[in-house]
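Structure, as structure tokens:
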Amino acid sequence: MKYSEAILEIEEIVRQLEDEQISIDDLSEQVRKATALIKYCREILYKTESEISEALKTLQNKDAAEE
């Protein structure tokens, strides 16, 4: 699953909650699903942040070595 797909699913669950479209029988399941999707998105964001940070450090080290 891609990040954008997970976000869309979270948004849909929130919309259904706001519109009171989720029955009490399905509420717990939808909350669990949203929680798992949020965790997944956070993991992707943390991984991406780490990769970008590492790439910037590499570029800075390369630039410093060339000076």
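Ordering of the structure tokens sets the chain letters (A, B, ...); residue numbers start at 1 within each chain; ligands are numbered from 1 in the order shown.
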**Item:** Non-local contacts of Gln30 (chain A) (12 Å; only C-alpha atoms; under 3 positions in same chain excluded) as a list in words
**Value:** Glu9, Ile10, Glu11, Glu12, Ile13, Val14, Arg15, Gln16, Leu17, Gln21, Ile22, Ser23, Ile24, Asp25, Asp26, Leu27, Lys33, Ala34, Thr35, Ala36 and Leu37 of chain A
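Taking CA of Ile44 (chain A) and CA of Lys2 (chain A) as endpoints, the distance between them is 9.2 Å.
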task: Could you tell me which of A:Tyr40, A:Tyr46, A:Ser28, A:Leu56 comes closest to Met1 (chain A) if we count only C-alpha atoms?
output: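 With only C-alpha atoms as the atom set, the closest residue is A:Tyr40.
In this model, the gap between CA of Ser50 (chain A) and CA of Ser4 (chain A) comes to 19.1 Å.
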Requested in this report: State, in Å with one decimal place, the distance from CA of Glu20 (chain A) to CA of Arg32 (chain A).
Outcome: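 We find that CA of Glu20 (chain A) and CA of Arg32 (chain A) lie 17.0 Å from each other.
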